[in-house]
Amino acid sequence: MSLQQSSKLQQASVFQSPTRRAGLNQLEAFLPNSGLHYASWRNSDLGPDDRSNVSVLSPWLRHRLVTETEAVKRSLEEQSFDAAEKFVQEVFWRAYFKGWLEQHPSVWTNYKQQTSLLDNFLAEDQALRCRYETALEGRTGIDCFDHWAMELVETGYLHNHARMWFASIWVFTLKLPWELGADFFLRHLMDGDPASNTLSWRWVAGLHTKGKTYLARSSNIEKFTNGRFKPVGQLSAKAEPVHESAEHSLEPLELPEPELFGRIGLLLTGEDCFPEQLFPELEPVSIFALTVDIRGDRATGSCAETFTKGALSDAVKRSASHFSQDVVEGSDTETLCEWARDLGLDTIVTAYVPIGPVGDRLEAAQASLVESGISIAKRIRDHDRVSWPHATKGYFKLKKQLPDILQELGI
Ligand SMILES: Cc1cc2nc3c(=O)[nH]c(=O)nc-3n(C[C@H](O)[C@H](O)[C@H](O)COP(=O)(O)OP(=O)(O)OC[C@H]3O[C@@H](n4cnc5c(N)ncnc54)[C@H](O)[C@@H]3O)c2cc1C
């Protein structure tokens with residue numbers, strides 16, 4: 001069996017496996033391709049049956065079943081720095097977007113407000129609703145776009161280039177609000193991530209790098225889909241930047257070392273499914289798994305929902321064994337607060353929860369916990385602690401620091 005064939009088989013089966021073991025297997029299977037092969041071929045979208053030119057690791061990285069540091073480290077063990085540099089740079093885009101959003105929190109608040117406003121418009125404006133539903137259901141008549149809409153819903157994954165083309169067609173050809181497209185992605189992608197997703201959509205629309213838009217072109221789609229699609233004459237020829245009235249200021253990063261004291265309970269969420277590595281020394285009196293979807297309350301696609309549920313359930317199994325404690329599961333923060341009070345906890349310790357729906361929920365619960373004398377201590381991974389301070393402007397600023405960042409991470 002050739003490398004490509006074996007890689008394809010891996011991909012078909014691993015997406016069904018939201019476990020750390022499956023993620024590590026996927027990483028190992030990809031390593032031989034993570035050097036120059038990735039650098040040369042990563043931009044081609046060969047279709048859902050062949051993902052051998054990219055890692056497809058994002059669902060595992062998103063839930064931190066496998067960490068970014070592990071992916072970068074293993075790649076640099078197998079490849080020279082020059083060969084693996086592109087892959088390493090791509091992995092750090094995730095940290096860049098997370099760090100940037102963390103320092104521009106109003107972008108997330110504004111996105112949520114706009115999305116719910118647009119829900120109202122959709123209820124009132126039949127023409128807008130019709131265009132929106134036509135796009136979601138893949139009935140626009142633009143073959144590539146319709147294919148990607150279906151692929152997203154059916155597989156929970158899209159190649160990076162397809163995500164860029166899709167977002168560009170959504171905004172500039174179909175003239176739909178970018179927030180609704182971002183919401184469609186967030187709800188269906190297994191790797192659905194408030195930072196990478198919201199900021200990538202904003203980048204395409206000309207809001208992230210002010211005035212710089214991304215225009216999908218037929219010739220580019222034809223070239224990088226190996227001729228599978230050729231939407232000649234169907235796409236907008238220009239991409240005028242979208243405007244917004246809101247200003248998003250840079251807020252200081254606050255990443256204090258958490259203070260752990262008294263009776264400690266461990267909180268698991270889908271944001272970090274590798275707690276035994278983050279808290280090796282911890283002896284919690286109990287563990288609570290908060291089973292809320294990392295994408296929020298809006299209807300999540302079945303692939304995305306299944307992956308997140310499976311990822312948390314894998315973390316629950318490993319935690320129960322590592323910390324020798326049973327795990328209590330609950331789907332809301334009221335149950336979390338009751339659990340903490342009943343056990344007389346002083347501290348709930350959890351992996352740092354970045355900006356997004358889970359963070360929103362915890363923030364809302366914080367007041368009630370503090371009233372009961374319970375504090376939430378969030379431990380940040382070194383990968384984020386070291387990278388995020390460089391994510392204040394464009395990605396280039398962080399990229400320039402990569403040698404130092406890698407050194408600080410001991411890679
Ligand atoms: C409109 C749009 C929406 C997106 N939404 C998401 C999202 O919700 N969640 C998400 O994880 N990624 C998102 N991305 C980024 C990127 O498309 C995916 O991370 C990547 O396609 C995942 O596939 P892969 O694991 O095979 O990537 P590979 O090419 O193998 O890259 C390896 C890893 O690097 C990271 N990475 C690579 N490219 C990017 C990027 N541009 N931005 C951030 N991280 C990157 C991912 O962790 C990825 O798993 C979006 C991109 C666009 C254009």
# chains A, B, ... in the order shown; residues from 1 in each chain; ligands from 1
$ residues_around --residues "Thr308 of chain A" --least-positions-apart "5" --cutoff "9 Å" --atoms "only C-alpha atoms" --output "PDB file with C-alpha atoms, in the first residue's frame"
ATOM      1  CA  PRO A  18     -12.551  11.728  18.911  1.00  0.00           C
ATOM      2  CA  PRO A  59     -10.511  18.619  15.405  1.00  0.00           C
ATOM      3  CA  HIS A  63     -10.242  20.129  21.723  1.00  0.00           C
ATOM      4  CA  MET A 190     -15.617  19.698  14.154  1.00  0.00           C
ATOM      5  CA  ASP A 191     -12.803  22.178  14.798  1.00  0.00           C
ATOM      6  CA  GLY A 270     -14.342  20.505  25.710  1.00  0.00           C
ATOM      7  CA  THR A 291     -20.938  18.982  28.867  1.00  0.00           C
ATOM      8  CA  ASP A 293     -21.030  22.557  23.463  1.00  0.00           C
ATOM      9  CA  ILE A 294     -17.888  24.581  22.822  1.00  0.00           C
ATOM     10  CA  CYS A 303     -20.462  15.667  13.142  1.00  0.00           C
ATOM     11  CA  SER A 313     -15.968  11.557  27.185  1.00  0.00           C
TER      12      SER A 313
END
$ residues_near_ligand --ligand "ligand 1" --cutoff "6 Å" --atoms "only C-alpha atoms and all ligand atoms" --output "PyMOL selection string"
chain A and resi 54-58+61-62+90-91+93-94+159-160+163-164+167+186+191-193+196-197+200-201
$ residues_around --residues "segment 96-107 of chain A" --least-positions-apart "3" --cutoff "8 Å" --atoms "only C-alpha atoms" --output "JSON, numbers by chain"
{"A": [92, 93, 110, 111, 195, 196, 199, 248, 249, 250, 251, 252, 253, 354, 355, 384, 387, 388, 389, 390, 391, 392, 393, 395, 398]}
$ select_by_dssp --residues "segment 137-334 of chain A" --states "helix (DSSP H, G or I)" --output "PyMOL selection string"
chain A and resi 143-155+160-173+178-188+194-205+218-224+275-278+302-323+333-334
$ select_by_dssp --residues "segment 281-317 of chain A" --states "strand (DSSP E or B)" --output "VMD selection string"
chain A and resid 286 to 290
$ write_last_selection --atoms "C-alpha atoms" --output "mmCIF file, in the first residue's frame"
data_model
loop_
_atom_site.group_PDB
_atom_site.id
_atom_site.type_symbol
_atom_site.label_atom_id
_atom_site.label_comp_id
_atom_site.auth_asym_id
_atom_site.auth_seq_id
_atom_site.Cartn_x
_atom_site.Cartn_y
_atom_site.Cartn_z
ATOM 1 C CA SER A 286 -13.807 15.483 42.793
ATOM 2 C CA ILE A 287 -14.035 16.087 39.031
ATOM 3 C CA PHE A 288 -16.870 17.790 37.146
ATOM 4 C CA ALA A 289 -17.300 17.555 33.367
ATOM 5 C CA LEU A 290 -19.301 20.459 31.941
#
$ closest_residue --among "A:Ala205, A:Ala71, A:Val285, A:Leu46" --to "Gln26 of chain A" --atoms "only C-alpha atoms"
A:Ala71
$ closest_residue --among "A:Lys317, A:Lys112, A:Arg295, A:Lys230" --to "Phe185 of chain A" --atoms "only C-alpha atoms"
A:Arg295
$ residues_around --residues "segment 256-263 of chain A" --least-positions-apart "3" --cutoff "9 Å" --atoms "only C-alpha atoms" --output "list of chain:residue names"
A:Pro284, A:Val285, A:Leu343, A:Gly344, A:Leu345, A:Asp346, A:Thr347, A:Ile348, A:Val349, A:Ile376, A:Ala377, A:Lys378, A:Arg379, A:Ile380
$ closest_residue --among "A:Asn25, A:Asn120, A:Asn33, A:Thr115" --to "Ala84 of chain A" --atoms "only C-alpha atoms"
A:Asn33
$ decode --residues "segment 343-390 of chain A" --atoms "N, CA and C atoms" --output "JSON list (two decimals), in the first residue's frame"
[["chain", "number", "residue", "atom", "x", "y", "z"],
["A", 343, "LEU", "N", -19.76, 20.00, 47.88],
["A", 343, "LEU", "CA", -18.48, 19.40, 48.29],
["A", 343, "LEU", "C", -17.66, 20.33, 49.19],
["A", 344, "GLY", "N", -18.17, 21.52, 49.41],
["A", 344, "GLY", "CA", -17.43, 22.50, 50.23],
["A", 344, "GLY", "C", -16.10, 22.87, 49.60],
["A", 345, "LEU", "N", -16.10, 23.05, 48.26],
["A", 345, "LEU", "CA", -14.83, 23.38, 47.58],
["A", 345, "LEU", "C", -14.40, 24.82, 47.88],
["A", 346, "ASP", "N", -13.09, 25.01, 47.90],
["A", 346, "ASP", "CA", -12.53, 26.37, 47.97],
["A", 346, "ASP", "C", -12.15, 26.85, 46.58],
["A", 347, "THR", "N", -11.66, 25.91, 45.77],
["A", 347, "THR", "CA", -11.16, 26.28, 44.44],
["A", 347, "THR", "C", -11.65, 25.29, 43.39],
["A", 348, "ILE", "N", -12.11, 25.84, 42.27],
["A", 348, "ILE", "CA", -12.35, 25.00, 41.09],
["A", 348, "ILE", "C", -11.20, 25.28, 40.15],
["A", 349, "VAL", "N", -10.45, 24.26, 39.80],
["A", 349, "VAL", "CA", -9.34, 24.48, 38.89],
["A", 349, "VAL", "C", -9.70, 23.94, 37.51],
["A", 350, "THR", "N", -9.32, 24.69, 36.49],
["A", 350, "THR", "CA", -9.62, 24.26, 35.11],
["A", 350, "THR", "C", -8.55, 24.79, 34.17],
["A", 351, "ALA", "N", -8.49, 24.20, 32.99],
["A", 351, "ALA", "CA", -7.60, 24.75, 31.97],
["A", 351, "ALA", "C", -8.14, 26.12, 31.58],
["A", 352, "TYR", "N", -7.26, 27.04, 31.24],
["A", 352, "TYR", "CA", -7.68, 28.38, 30.84],
["A", 352, "TYR", "C", -8.74, 28.27, 29.74],
["A", 353, "VAL", "N", -9.86, 28.93, 29.97],
["A", 353, "VAL", "CA", -10.94, 28.87, 28.97],
["A", 353, "VAL", "C", -10.89, 30.17, 28.16],
["A", 354, "PRO", "N", -10.51, 30.08, 26.90],
["A", 354, "PRO", "CA", -10.39, 31.32, 26.11],
["A", 354, "PRO", "C", -11.75, 31.91, 25.77],
["A", 355, "ILE", "N", -11.73, 33.06, 25.15],
["A", 355, "ILE", "CA", -12.98, 33.74, 24.77],
["A", 355, "ILE", "C", -13.81, 32.84, 23.88],
["A", 356, "GLY", "N", -15.09, 32.75, 24.22],
["A", 356, "GLY", "CA", -16.00, 31.90, 23.45],
["A", 356, "GLY", "C", -17.15, 31.49, 24.33],
["A", 357, "PRO", "N", -18.02, 30.63, 23.81],
["A", 357, "PRO", "CA", -19.23, 30.26, 24.55],
["A", 357, "PRO", "C", -18.96, 29.64, 25.93],
["A", 358, "VAL", "N", -17.94, 28.80, 26.06],
["A", 358, "VAL", "CA", -17.70, 28.18, 27.37],
["A", 358, "VAL", "C", -17.23, 29.25, 28.35],
["A", 359, "GLY", "N", -16.35, 30.15, 27.88],
["A", 359, "GLY", "CA", -15.89, 31.26, 28.71],
["A", 359, "GLY", "C", -17.06, 32.14, 29.15],
["A", 360, "ASP", "N", -18.00, 32.39, 28.22],
["A", 360, "ASP", "CA", -19.17, 33.21, 28.57],
["A", 360, "ASP", "C", -19.95, 32.55, 29.70],
["A", 361, "ARG", "N", -20.14, 31.24, 29.60],
["A", 361, "ARG", "CA", -20.90, 30.52, 30.63],
["A", 361, "ARG", "C", -20.21, 30.60, 31.99],
["A", 362, "LEU", "N", -18.90, 30.39, 31.99],
["A", 362, "LEU", "CA", -18.17, 30.39, 33.26],
["A", 362, "LEU", "C", -18.17, 31.77, 33.88],
["A", 363, "GLU", "N", -18.05, 32.78, 33.02],
["A", 363, "GLU", "CA", -18.05, 34.15, 33.55],
["A", 363, "GLU", "C", -19.39, 34.44, 34.23],
["A", 364, "ALA", "N", -20.46, 33.93, 33.61],
["A", 364, "ALA", "CA", -21.79, 34.17, 34.19],
["A", 364, "ALA", "C", -21.93, 33.45, 35.54],
["A", 365, "ALA", "N", -21.24, 32.32, 35.70],
["A", 365, "ALA", "CA", -21.37, 31.54, 36.95],
["A", 365, "ALA", "C", -20.47, 32.08, 38.06],
["A", 366, "GLN", "N", -19.47, 32.86, 37.64],
["A", 366, "GLN", "CA", -18.42, 33.30, 38.57],
["A", 366, "GLN", "C", -18.99, 34.03, 39.80],
["A", 367, "ALA", "N", -19.93, 34.95, 39.58],
["A", 367, "ALA", "CA", -20.46, 35.76, 40.68],
["A", 367, "ALA", "C", -21.08, 34.87, 41.75],
["A", 368, "SER", "N", -21.86, 33.88, 41.29],
["A", 368, "SER", "CA", -22.53, 33.00, 42.24],
["A", 368, "SER", "C", -21.50, 32.16, 43.02],
["A", 369, "LEU", "N", -20.43, 31.76, 42.36],
["A", 369, "LEU", "CA", -19.39, 30.97, 43.03],
["A", 369, "LEU", "C", -18.65, 31.83, 44.06],
["A", 370, "VAL", "N", -18.30, 33.04, 43.63],
["A", 370, "VAL", "CA", -17.56, 33.94, 44.53],
["A", 370, "VAL", "C", -18.39, 34.21, 45.80],
["A", 371, "GLU", "N", -19.70, 34.39, 45.60],
["A", 371, "GLU", "CA", -20.61, 34.60, 46.74],
["A", 371, "GLU", "C", -20.52, 33.45, 47.73],
["A", 372, "SER", "N", -20.29, 32.26, 47.22],
["A", 372, "SER", "CA", -20.16, 31.07, 48.10],
["A", 372, "SER", "C", -18.72, 30.85, 48.54],
["A", 373, "GLY", "N", -17.86, 31.81, 48.26],
["A", 373, "GLY", "CA", -16.46, 31.69, 48.69],
["A", 373, "GLY", "C", -15.65, 30.71, 47.86],
["A", 374, "ILE", "N", -16.09, 30.47, 46.62],
["A", 374, "ILE", "CA", -15.36, 29.52, 45.76],
["A", 374, "ILE", "C", -14.71, 30.29, 44.61],
["A", 375, "SER", "N", -13.42, 30.06, 44.40],
["A", 375, "SER", "CA", -12.76, 30.77, 43.29],
["A", 375, "SER", "C", -12.50, 29.81, 42.13],
["A", 376, "ILE", "N", -12.44, 30.39, 40.93],
["A", 376, "ILE", "CA", -12.08, 29.57, 39.75],
["A", 376, "ILE", "C", -10.63, 29.90, 39.40],
["A", 377, "ALA", "N", -9.78, 28.89, 39.37],
["A", 377, "ALA", "CA", -8.37, 29.09, 39.02],
["A", 377, "ALA", "C", -8.12, 28.46, 37.66],
["A", 378, "LYS", "N", -7.65, 29.28, 36.71],
["A", 378, "LYS", "CA", -7.46, 28.78, 35.33],
["A", 378, "LYS", "C", -5.97, 28.68, 35.02],
["A", 379, "ARG", "N", -5.56, 27.50, 34.63],
["A", 379, "ARG", "CA", -4.13, 27.34, 34.30],
["A", 379, "ARG", "C", -3.96, 27.38, 32.78],
["A", 380, "ILE", "N", -3.08, 28.27, 32.32],
["A", 380, "ILE", "CA", -2.87, 28.42, 30.87],
["A", 380, "ILE", "C", -1.72, 27.52, 30.42],
["A", 381, "ARG", "N", -1.84, 26.97, 29.25],
["A", 381, "ARG", "CA", -0.74, 26.15, 28.71],
["A", 381, "ARG", "C", 0.41, 27.07, 28.28],
["A", 382, "ASP", "N", 1.63, 26.56, 28.40],
["A", 382, "ASP", "CA", 2.81, 27.36, 28.04],
["A", 382, "ASP", "C", 2.72, 27.85, 26.59],
["A", 383, "HIS", "N", 2.19, 26.99, 25.71],
["A", 383, "HIS", "CA", 2.07, 27.34, 24.30],
["A", 383, "HIS", "C", 1.35, 28.69, 24.13],
["A", 384, "ASP", "N", 0.26, 28.86, 24.88],
["A", 384, "ASP", "CA", -0.52, 30.10, 24.79],
["A", 384, "ASP", "C", 0.18, 31.24, 25.55],
["A", 385, "ARG", "N", 0.68, 30.92, 26.73],
["A", 385, "ARG", "CA", 1.32, 31.95, 27.56],
["A", 385, "ARG", "C", 2.48, 32.62, 26.81],
["A", 386, "VAL", "N", 3.22, 31.80, 26.06],
["A", 386, "VAL", "CA", 4.40, 32.32, 25.37],
["A", 386, "VAL", "C", 4.01, 33.01, 24.05],
["A", 387, "SER", "N", 2.99, 32.49, 23.37],
["A", 387, "SER", "CA", 2.64, 33.04, 22.03],
["A", 387, "SER", "C", 1.73, 34.27, 22.09],
["A", 388, "TRP", "N", 0.75, 34.21, 22.98],
["A", 388, "TRP", "CA", -0.30, 35.25, 22.93],
["A", 388, "TRP", "C", 0.22, 36.69, 23.02],
["A", 389, "PRO", "N", 1.22, 36.98, 23.85],
["A", 389, "PRO", "CA", 1.68, 38.39, 23.90],
["A", 389, "PRO", "C", 2.15, 38.92, 22.54],
["A", 390, "HIS", "N", 2.49, 38.04, 21.60],
["A", 390, "HIS", "CA", 2.94, 38.50, 20.27],
["A", 390, "HIS", "C", 1.78, 38.66, 19.29]]
